[in-house]
$ cat start.cif   # mmCIF, C-alpha atoms
data_protein
#
loop_
_atom_site.group_PDB
_atom_site.id
_atom_site.type_symbol
_atom_site.label_atom_id
_atom_site.label_comp_id
_atom_site.auth_asym_id
_atom_site.auth_seq_id
_atom_site.Cartn_x
_atom_site.Cartn_y
_atom_site.Cartn_z
ATOM 1 C CA MET A 1020 220.450 180.949 119.341
ATOM 2 C CA THR A 1021 222.118 183.531 117.159
ATOM 3 C CA ALA A 1022 223.645 186.874 118.075
ATOM 4 C CA GLN A 1023 220.656 188.589 116.430
ATOM 5 C CA ARG A 1024 218.391 187.238 119.201
ATOM 6 C CA LEU A 1025 220.526 188.812 121.911
ATOM 7 C CA ARG A 1026 220.011 192.215 123.412
ATOM 8 C CA THR A 1027 222.613 194.142 125.377
ATOM 9 C CA ALA A 1028 222.412 196.647 128.197
ATOM 10 C CA ALA A 1029 224.844 198.537 130.411
ATOM 11 C CA LEU A 1030 225.368 197.203 133.911
ATOM 12 C CA THR A 1031 223.477 199.399 136.378
ATOM 13 C CA PRO A 1032 222.233 198.971 139.939
ATOM 14 C CA GLU A 1033 218.956 197.765 138.405
ATOM 15 C CA THR A 1034 220.685 194.989 136.417
ATOM 16 C CA TRP A 1035 223.184 194.031 139.146
ATOM 17 C CA SER A 1036 221.224 190.883 140.085
ATOM 18 C CA ASP A 1037 221.510 189.706 136.449
ATOM 19 C CA LEU A 1038 225.313 189.941 136.671
ATOM 20 C CA GLU A 1039 225.272 188.038 139.964
ATOM 21 C CA ASP A 1040 223.186 185.299 138.379
ATOM 22 C CA LEU A 1041 225.606 185.019 135.457
ATOM 23 C CA PHE A 1042 228.710 184.952 137.657
ATOM 24 C CA ARG A 1043 227.140 182.302 139.899
ATOM 25 C CA ALA A 1044 226.475 179.986 136.960
ATOM 26 C CA ARG A 1045 228.264 176.660 136.931
ATOM 27 C CA GLY A 1046 231.533 177.144 135.037
ATOM 28 C CA CYS A 1047 231.958 180.833 135.973
ATOM 29 C CA ALA A 1048 233.958 180.353 139.199
ATOM 30 C CA GLN A 1049 236.779 182.620 138.069
ATOM 31 C CA ALA A 1050 234.349 185.487 137.424
ATOM 32 C CA ARG A 1051 232.718 185.184 140.840
ATOM 33 C CA THR A 1052 236.135 185.285 142.506
ATOM 34 C CA CYS A 1053 237.462 188.277 140.568
ATOM 35 C CA TRP A 1054 234.242 190.315 140.119
ATOM 36 C CA CYS A 1055 236.115 192.303 137.431
ATOM 37 C CA MET A 1056 238.371 193.910 140.017
ATOM 38 C CA TYR A 1057 241.715 192.269 139.176
ATOM 39 C CA TYR A 1058 242.774 194.840 136.573
ATOM 40 C CA ARG A 1059 241.150 197.752 138.421
ATOM 41 C CA ARG A 1060 243.705 197.461 141.225
ATOM 42 C CA SER A 1061 247.443 197.752 141.076
ATOM 43 C CA GLY A 1062 247.926 195.162 143.848
ATOM 44 C CA GLU A 1063 245.928 192.655 145.845
ATOM 45 C CA PRO A 1064 242.961 193.737 147.970
ATOM 46 C CA VAL A 1065 243.086 193.824 151.751
ATOM 47 C CA VAL A 1066 240.890 190.991 152.987
ATOM 48 C CA PRO A 1067 239.590 191.501 156.539
ATOM 49 C CA PRO A 1068 239.538 188.479 158.856
ATOM 50 C CA GLY A 1069 236.478 186.349 158.295
ATOM 51 C CA GLN A 1070 235.953 187.504 154.703
ATOM 52 C CA ARG A 1071 236.998 186.010 151.400
ATOM 53 C CA LYS A 1072 238.740 187.826 148.558
ATOM 54 C CA ALA A 1073 235.672 187.141 146.401
ATOM 55 C CA ASP A 1074 233.460 188.999 148.898
ATOM 56 C CA VAL A 1075 235.811 191.983 149.010
ATOM 57 C CA ASN A 1076 235.939 192.093 145.198
ATOM 58 C CA ARG A 1077 232.163 191.779 144.863
ATOM 59 C CA ASP A 1078 231.533 194.585 147.343
ATOM 60 C CA ALA A 1079 234.091 196.860 145.656
ATOM 61 C CA PHE A 1080 232.659 196.220 142.199
ATOM 62 C CA GLN A 1081 229.078 196.716 143.347
ATOM 63 C CA ALA A 1082 230.115 200.028 144.949
ATOM 64 C CA LEU A 1083 231.425 201.206 141.545
ATOM 65 C CA VAL A 1084 228.181 200.208 139.840
ATOM 66 C CA ASP A 1085 226.078 201.827 142.586
ATOM 67 C CA ALA A 1086 228.119 205.037 142.185
ATOM 68 C CA GLY A 1087 227.193 205.177 138.485
ATOM 69 C CA VAL A 1088 230.624 204.243 137.082
ATOM 70 C CA PHE A 1089 230.356 202.685 133.612
ATOM 71 C CA THR A 1090 231.800 199.175 133.987
ATOM 72 C CA GLY A 1091 230.540 197.265 130.955
ATOM 73 C CA ILE A 1092 227.586 195.571 129.305
ATOM 74 C CA LEU A 1093 225.475 192.467 129.707
ATOM 75 C CA ALA A 1094 224.091 190.302 126.904
ATOM 76 C CA TYR A 1095 220.657 188.764 127.354
ATOM 77 C CA GLU A 1096 218.747 185.969 125.741
ATOM 78 C CA GLY A 1097 215.196 186.686 126.824
ATOM 79 C CA SER A 1098 215.409 187.757 130.454
ATOM 80 C CA GLN A 1099 218.541 185.736 131.264
ATOM 81 C CA ALA A 1100 222.003 187.318 131.226
ATOM 82 C CA VAL A 1101 224.186 185.047 129.094
ATOM 83 C CA GLY A 1102 227.286 187.224 128.738
ATOM 84 C CA TRP A 1103 229.260 190.104 130.182
ATOM 85 C CA LEU A 1104 231.975 192.406 128.820
ATOM 86 C CA SER A 1105 234.031 194.584 131.141
ATOM 87 C CA PHE A 1106 235.372 197.683 129.404
ATOM 88 C CA GLY A 1107 235.886 201.350 130.116
ATOM 89 C CA PRO A 1108 238.456 204.142 130.336
ATOM 90 C CA ARG A 1109 241.999 202.805 130.497
ATOM 91 C CA GLU A 1110 242.705 204.849 133.611
ATOM 92 C CA ASP A 1111 240.053 202.808 135.469
ATOM 93 C CA TYR A 1112 242.354 199.757 135.192
ATOM 94 C CA ALA A 1113 245.423 200.491 137.350
ATOM 95 C CA LYS A 1114 247.086 197.118 136.696
ATOM 96 C CA LEU A 1115 247.435 197.833 132.958
ATOM 97 C CA ALA A 1116 250.079 200.506 133.599
ATOM 98 C CA ARG A 1117 252.392 197.889 135.164
ATOM 99 C CA SER A 1118 251.781 195.140 132.627
ATOM 100 C CA PRO A 1119 254.636 194.365 130.237
ATOM 101 C CA VAL A 1120 252.053 193.308 127.617
ATOM 102 C CA MET A 1121 249.240 195.825 128.186
ATOM 103 C CA LYS A 1122 251.084 198.970 129.296
ATOM 104 C CA PRO A 1123 250.213 202.127 127.337
ATOM 105 C CA VAL A 1124 251.353 202.182 123.718
ATOM 106 C CA ASP A 1125 251.175 205.981 123.634
ATOM 107 C CA ASP A 1126 249.419 208.811 125.442
ATOM 108 C CA GLN A 1127 246.213 208.573 123.383
ATOM 109 C CA PRO A 1128 243.147 208.163 125.601
ATOM 110 C CA VAL A 1129 241.502 204.779 125.033
ATOM 111 C CA TRP A 1130 238.832 202.583 126.519
ATOM 112 C CA SER A 1131 240.188 199.134 127.347
ATOM 113 C CA VAL A 1132 238.329 195.887 126.637
ATOM 114 C CA ILE A 1133 239.262 193.675 129.557
ATOM 115 C CA CYS A 1134 237.102 190.647 130.113
ATOM 116 C CA PHE A 1135 234.425 188.503 128.461
ATOM 117 C CA VAL A 1136 232.323 186.136 130.566
ATOM 118 C CA VAL A 1137 229.916 183.850 128.716
ATOM 119 C CA ARG A 1138 227.530 181.453 130.408
ATOM 120 C CA PRO A 1139 228.886 177.947 129.640
ATOM 121 C CA THR A 1140 225.573 176.885 128.068
ATOM 122 C CA HIS A 1141 225.946 179.729 125.539
ATOM 123 C CA ARG A 1142 229.616 179.478 124.583
ATOM 124 C CA GLY A 1143 230.365 179.182 120.879
ATOM 125 C CA ARG A 1144 227.045 180.779 119.958
ATOM 126 C CA GLY A 1145 228.008 184.383 119.127
ATOM 127 C CA VAL A 1146 227.666 185.970 122.567
ATOM 128 C CA ALA A 1147 231.201 187.435 122.648
ATOM 129 C CA ARG A 1148 230.732 188.757 119.109
ATOM 130 C CA ALA A 1149 227.463 190.463 120.134
ATOM 131 C CA LEU A 1150 229.102 191.950 123.233
ATOM 132 C CA LEU A 1151 232.012 193.312 121.209
ATOM 133 C CA ALA A 1152 229.601 194.822 118.661
ATOM 134 C CA ALA A 1153 227.723 196.536 121.492
ATOM 135 C CA ALA A 1154 231.008 197.847 122.938
ATOM 136 C CA MET A 1155 231.911 199.224 119.512
ATOM 137 C CA GLN A 1156 228.548 201.020 119.354
ATOM 138 C CA GLU A 1157 229.078 202.457 122.838
ATOM 139 C CA ALA A 1158 232.579 203.637 121.923
ATOM 140 C CA HIS A 1159 231.275 205.205 118.713
ATOM 141 C CA ARG A 1160 228.522 206.967 120.663
ATOM 142 C CA ARG A 1161 231.096 208.343 123.104
ATOM 143 C CA GLY A 1162 233.695 209.094 120.411
ATOM 144 C CA VAL A 1163 236.399 206.971 122.053
ATOM 145 C CA THR A 1164 238.994 204.535 120.717
ATOM 146 C CA LEU A 1165 238.695 200.934 121.918
ATOM 147 C CA GLU A 1166 241.855 199.013 122.797
ATOM 148 C CA ALA A 1167 242.068 195.288 123.509
ATOM 149 C CA TYR A 1168 244.689 192.691 124.449
ATOM 150 C CA PRO A 1169 243.600 189.418 122.809
ATOM 151 C CA VAL A 1170 245.358 186.090 122.609
ATOM 152 C CA ASP A 1171 246.786 185.201 119.187
ATOM 153 C CA LYS A 1172 247.851 181.587 118.982
ATOM 154 C CA PRO A 1173 246.817 178.584 116.940
ATOM 155 C CA GLY A 1174 244.487 175.954 118.270
ATOM 156 C CA PRO A 1175 241.939 176.116 121.029
ATOM 157 C CA LEU A 1176 242.599 178.613 123.811
ATOM 158 C CA GLU A 1177 242.876 177.484 127.409
ATOM 159 C CA ASP A 1178 240.077 178.696 129.670
ATOM 160 C CA ASP A 1179 242.409 181.000 131.605
ATOM 161 C CA ASN A 1180 243.046 183.010 128.422
ATOM 162 C CA LEU A 1181 239.489 183.254 127.167
ATOM 163 C CA TRP A 1182 238.512 186.388 129.081
ATOM 164 C CA PHE A 1183 240.517 188.578 126.655
ATOM 165 C CA GLY A 1184 239.065 186.897 123.584
ATOM 166 C CA PRO A 1185 240.897 185.542 120.553
ATOM 167 C CA ALA A 1186 242.661 187.912 118.144
ATOM 168 C CA SER A 1187 240.416 186.695 115.321
ATOM 169 C CA LEU A 1188 237.350 188.151 117.081
ATOM 170 C CA TYR A 1189 238.890 191.621 116.919
ATOM 171 C CA THR A 1190 240.326 191.256 113.419
ATOM 172 C CA GLU A 1191 236.882 190.301 112.082
ATOM 173 C CA ALA A 1192 235.439 193.402 113.809
ATOM 174 C CA GLY A 1193 237.941 195.744 112.102
ATOM 175 C CA PHE A 1194 240.489 196.301 114.899
ATOM 176 C CA THR A 1195 244.102 196.868 113.846
ATOM 177 C CA GLU A 1196 247.271 195.862 115.651
ATOM 178 C CA VAL A 1197 249.215 198.748 117.224
ATOM 179 C CA ALA A 1198 251.781 196.817 119.291
ATOM 180 C CA ARG A 1199 252.951 193.277 120.071
ATOM 181 C CA ARG A 1200 255.212 192.910 123.072
ATOM 182 C CA LYS A 1201 254.894 189.123 123.303
ATOM 183 C CA PRO A 1202 254.476 186.842 120.284
ATOM 184 C CA GLU A 1203 250.981 185.669 121.269
ATOM 185 C CA ARG A 1204 249.638 188.946 122.711
ATOM 186 C CA PRO A 1205 248.898 191.817 120.294
ATOM 187 C CA VAL A 1206 247.472 195.161 121.345
ATOM 188 C CA VAL A 1207 244.674 196.121 118.955
ATOM 189 C CA ARG A 1208 242.584 199.251 118.494
ATOM 190 C CA LEU A 1209 239.453 200.464 116.802
ATOM 191 C CA LYS A 1210 239.077 204.202 116.351
ATOM 192 C CA PRO A 1211 235.641 205.830 116.278
ATOM 193 C CA VAL A 1212 234.281 206.629 112.804
#

$ encode --input "start.cif" --output "structure tokens"
Amino acid sequence: MTAQRLRTAALTPETWSDLEDLFRARGCAQARTCWCMYYRRSGEPVVPPGQRKADVNRDAFQALVDAGVFTGILAYEGSQAVGWLSFGPREDYAKLARSPVMKPVDDQPVWSVICFVVRPTHRGRGVARALLAAAMQEAHRRGVTLEAYPVDKPGPLEDDNLWFGPASLYTEAGFTEVARRKPERPVVRLKPV
């Protein structure tokens, strides 16, 4: 499989089941616990008795999608979702304001690239690259600047860092560094052209 054989589409109520299928894939346990809500909140969710945090997160995320909030894009090979990229307006991600690494660099409005999820059977095959290219097209269409918080360190990345993507992915796509508050964590941007 190459990135050219992938198609991408925004997450909508109609494609919600495709996201569920991806997150339930073996090797995607972290995604199906978080449901892309970790950075959207400033603190931890309230979990009612008898429910799990994963259920609360899933319901909250599905409510956003059902309300028509843009939350990101899916990558497909054929009819199967093989990747996901969560991105959108910075103000949709409350936790970023408190982060020592990802807090605002300036007052410029940006859309933040938060999380890649790639089906384990498709890792290392260009899915993240295709998702980032689609995000760049969406940002260009909307006239917004993309901002990301990749990991920049030598050697293979640990799984718990992979959701941000490696710095090289963004450098190859034309992003430029605008801040670096920790040695291994640059803040990079791509302005619309």

$ resolve_selection --input "start.cif" --expression "the PyMOL selection byres ((chain A and resi 1124) around 12)" --output "list in words"
Arg1109, Leu1115, Ala1116, Ser1118, Pro1119, Val1120, Met1121, Lys1122, Pro1123, Asp1125, Asp1126, Gln1127, Pro1128, Val1129, Glu1166, Ala1167, Tyr1168, Glu1196, Val1197, Ala1198, Arg1199, Arg1200, Pro1205, Val1206, Val1207 and Arg1208 of chain A

$ resolve_selection --input "start.cif" --expression "the PyMOL selection byres ((chain A and resi 1164) around 6)" --output "VMD selection string"
chain A and resid 1129 1163 1165 1209 to 1211

$ residues_around --input "start.cif" --residues "segment 1091-1098 of chain A" --least-positions-apart "6" --cutoff "12 Å" --atoms "all atoms listed in the file" --output "compact mmCIF listing (two decimals) with C-alpha atoms, in the frame of the given file"
# COMPACT_ATOMS: atom_id res chain seq x y z
CA MET A 1020 220.45 180.95 119.34
CA THR A 1021 222.12 183.53 117.16
CA ALA A 1022 223.64 186.87 118.08
CA GLN A 1023 220.66 188.59 116.43
CA ARG A 1024 218.39 187.24 119.20
CA LEU A 1025 220.53 188.81 121.91
CA ARG A 1026 220.01 192.22 123.41
CA THR A 1027 222.61 194.14 125.38
CA ALA A 1028 222.41 196.65 128.20
CA ALA A 1029 224.84 198.54 130.41
CA LEU A 1030 225.37 197.20 133.91
CA THR A 1031 223.48 199.40 136.38
CA THR A 1034 220.68 194.99 136.42
CA TRP A 1035 223.18 194.03 139.15
CA SER A 1036 221.22 190.88 140.08
CA ASP A 1037 221.51 189.71 136.45
CA LEU A 1038 225.31 189.94 136.67
CA GLU A 1039 225.27 188.04 139.96
CA ASP A 1040 223.19 185.30 138.38
CA LEU A 1041 225.61 185.02 135.46
CA PHE A 1042 228.71 184.95 137.66
CA CYS A 1055 236.12 192.30 137.43
CA PHE A 1080 232.66 196.22 142.20
CA LEU A 1083 231.42 201.21 141.54
CA VAL A 1084 228.18 200.21 139.84
CA LEU A 1104 231.98 192.41 128.82
CA SER A 1105 234.03 194.58 131.14
CA PHE A 1106 235.37 197.68 129.40
CA GLY A 1107 235.89 201.35 130.12
CA PRO A 1108 238.46 204.14 130.34
CA ASP A 1111 240.05 202.81 135.47
CA TRP A 1130 238.83 202.58 126.52
CA SER A 1131 240.19 199.13 127.35
CA VAL A 1132 238.33 195.89 126.64
CA ILE A 1133 239.26 193.68 129.56
CA CYS A 1134 237.10 190.65 130.11
CA PHE A 1135 234.42 188.50 128.46
CA VAL A 1136 232.32 186.14 130.57
CA VAL A 1137 229.92 183.85 128.72
CA ARG A 1138 227.53 181.45 130.41
CA THR A 1140 225.57 176.88 128.07
CA HIS A 1141 225.95 179.73 125.54
CA ARG A 1144 227.04 180.78 119.96
CA GLY A 1145 228.01 184.38 119.13
CA VAL A 1146 227.67 185.97 122.57
CA ALA A 1147 231.20 187.44 122.65
CA ARG A 1148 230.73 188.76 119.11
CA ALA A 1149 227.46 190.46 120.13
CA LEU A 1150 229.10 191.95 123.23
CA LEU A 1151 232.01 193.31 121.21
CA ALA A 1152 229.60 194.82 118.66
CA ALA A 1153 227.72 196.54 121.49
CA ALA A 1154 231.01 197.85 122.94
CA MET A 1155 231.91 199.22 119.51
CA GLN A 1156 228.55 201.02 119.35
CA GLU A 1157 229.08 202.46 122.84
CA ALA A 1158 232.58 203.64 121.92

$ atom_distance --input "start.cif" --atom1 "atom CA of Cys1047 of chain A" --atom2 "atom CA of Arg1060 of chain A"
21.0 Å

$ axis_aligned_box --input "start.cif" --around "segment 1098-1109 of chain A" --padding-each-side "8 Å" --output "lines of an AutoDock Vina configuration file"
center_x = 228.7
center_y = 194.6
center_z = 130.0
size_x = 42.6
size_y = 35.1
size_z = 18.5

$ closest_residue --input "start.cif" --among "A:Leu1181, A:Ala1082, A:Ala1073, A:Ala1113" --to "Ala1048 of chain A" --atoms "all atoms listed in the file"
A:Ala1073

$ closest_residue --input "start.cif" --among "A:Pro1068, A:Gly1184, A:Gly1046, A:Pro1032" --to "Pro1139 of chain A" --atoms "only C-alpha atoms"
A:Gly1046

$ atom_distance --input "start.cif" --atom1 "atom CA of Val1212 of chain A" --atom2 "atom CA of Thr1195 of chain A"
13.9 Å

$ atom_distance --input "start.cif" --atom1 "atom CA of Thr1190 of chain A" --atom2 "atom CA of Val1101 of chain A"
23.3 Å

$ build_atoms --input "start.cif" --residues "segment 1140-1151 of chain A" --atoms "all heavy atoms" --output "compact mmCIF listing (two decimals), in the coordinates of the input"
# COMPACT_ATOMS: atom_id res chain seq x y z
N THR A 1140 226.59 177.43 128.97
CA THR A 1140 225.57 176.88 128.07
C THR A 1140 225.45 177.68 126.78
O THR A 1140 224.80 177.23 125.83
CB THR A 1140 224.20 176.87 128.77
OG1 THR A 1140 223.91 178.22 129.23
CG2 THR A 1140 224.18 175.91 129.94
N HIS A 1141 226.07 178.86 126.71
CA HIS A 1141 225.95 179.73 125.54
C HIS A 1141 227.27 179.98 124.82
O HIS A 1141 227.34 180.79 123.92
CB HIS A 1141 225.31 181.06 125.96
CG HIS A 1141 223.85 180.91 126.28
ND1 HIS A 1141 223.40 180.27 127.42
CD2 HIS A 1141 222.76 181.29 125.60
CE1 HIS A 1141 222.09 180.28 127.43
NE2 HIS A 1141 221.67 180.88 126.33
N ARG A 1142 228.31 179.28 125.21
CA ARG A 1142 229.62 179.48 124.58
C ARG A 1142 229.60 178.92 123.17
O ARG A 1142 228.93 177.94 122.88
CB ARG A 1142 230.71 178.82 125.42
CG ARG A 1142 230.90 179.57 126.72
CD ARG A 1142 231.98 178.99 127.59
NE ARG A 1142 232.00 179.76 128.85
CZ ARG A 1142 232.49 179.31 129.98
NH1 ARG A 1142 233.05 178.11 130.04
NH2 ARG A 1142 232.45 180.05 131.06
N GLY A 1143 230.30 179.60 122.27
CA GLY A 1143 230.36 179.18 120.88
C GLY A 1143 229.13 179.54 120.09
O GLY A 1143 228.92 179.02 118.99
N ARG A 1144 228.30 180.45 120.61
CA ARG A 1144 227.04 180.78 119.96
C ARG A 1144 226.92 182.27 119.63
O ARG A 1144 225.81 182.77 119.46
CB ARG A 1144 225.89 180.33 120.86
CG ARG A 1144 225.92 178.81 121.04
CD ARG A 1144 225.02 178.30 122.13
NE ARG A 1144 223.61 178.54 121.85
CZ ARG A 1144 222.64 178.26 122.69
NH1 ARG A 1144 222.91 177.74 123.88
NH2 ARG A 1144 221.39 178.51 122.38
N GLY A 1145 228.04 182.99 119.57
CA GLY A 1145 228.01 184.38 119.13
C GLY A 1145 227.83 185.42 120.21
O GLY A 1145 227.68 186.60 119.92
N VAL A 1146 227.87 185.02 121.48
CA VAL A 1146 227.67 185.97 122.57
C VAL A 1146 228.81 186.98 122.64
O VAL A 1146 228.58 188.19 122.74
CB VAL A 1146 227.47 185.25 123.92
CG1 VAL A 1146 227.37 186.25 125.07
CG2 VAL A 1146 226.23 184.36 123.88
N ALA A 1147 230.05 186.51 122.59
CA ALA A 1147 231.20 187.44 122.65
C ALA A 1147 231.17 188.40 121.47
O ALA A 1147 231.44 189.60 121.63
CB ALA A 1147 232.51 186.66 122.68
N ARG A 1148 230.82 187.90 120.31
CA ARG A 1148 230.73 188.76 119.11
C ARG A 1148 229.68 189.85 119.30
O ARG A 1148 229.89 191.01 118.97
CB ARG A 1148 230.40 187.88 117.89
CG ARG A 1148 230.64 188.53 116.56
CD ARG A 1148 230.59 187.52 115.43
NE ARG A 1148 231.89 186.87 115.28
CZ ARG A 1148 232.18 185.62 115.62
NH1 ARG A 1148 231.27 184.82 116.10
NH2 ARG A 1148 233.38 185.13 115.45
N ALA A 1149 228.52 189.49 119.88
CA ALA A 1149 227.46 190.46 120.13
C ALA A 1149 227.90 191.48 121.18
O ALA A 1149 227.61 192.68 121.06
CB ALA A 1149 226.19 189.75 120.58
N LEU A 1150 228.60 191.03 122.21
CA LEU A 1150 229.10 191.95 123.23
C LEU A 1150 230.12 192.93 122.65
O LEU A 1150 230.08 194.13 122.94
CB LEU A 1150 229.73 191.17 124.39
CG LEU A 1150 228.75 190.48 125.33
CD1 LEU A 1150 229.46 189.44 126.18
CD2 LEU A 1150 228.04 191.52 126.20
N LEU A 1151 231.03 192.42 121.81
CA LEU A 1151 232.01 193.31 121.21
C LEU A 1151 231.33 194.33 120.28
O LEU A 1151 231.69 195.51 120.28
CB LEU A 1151 233.08 192.52 120.45
CG LEU A 1151 234.22 193.36 119.87
CD1 LEU A 1151 234.95 194.14 120.96
CD2 LEU A 1151 235.20 192.46 119.11
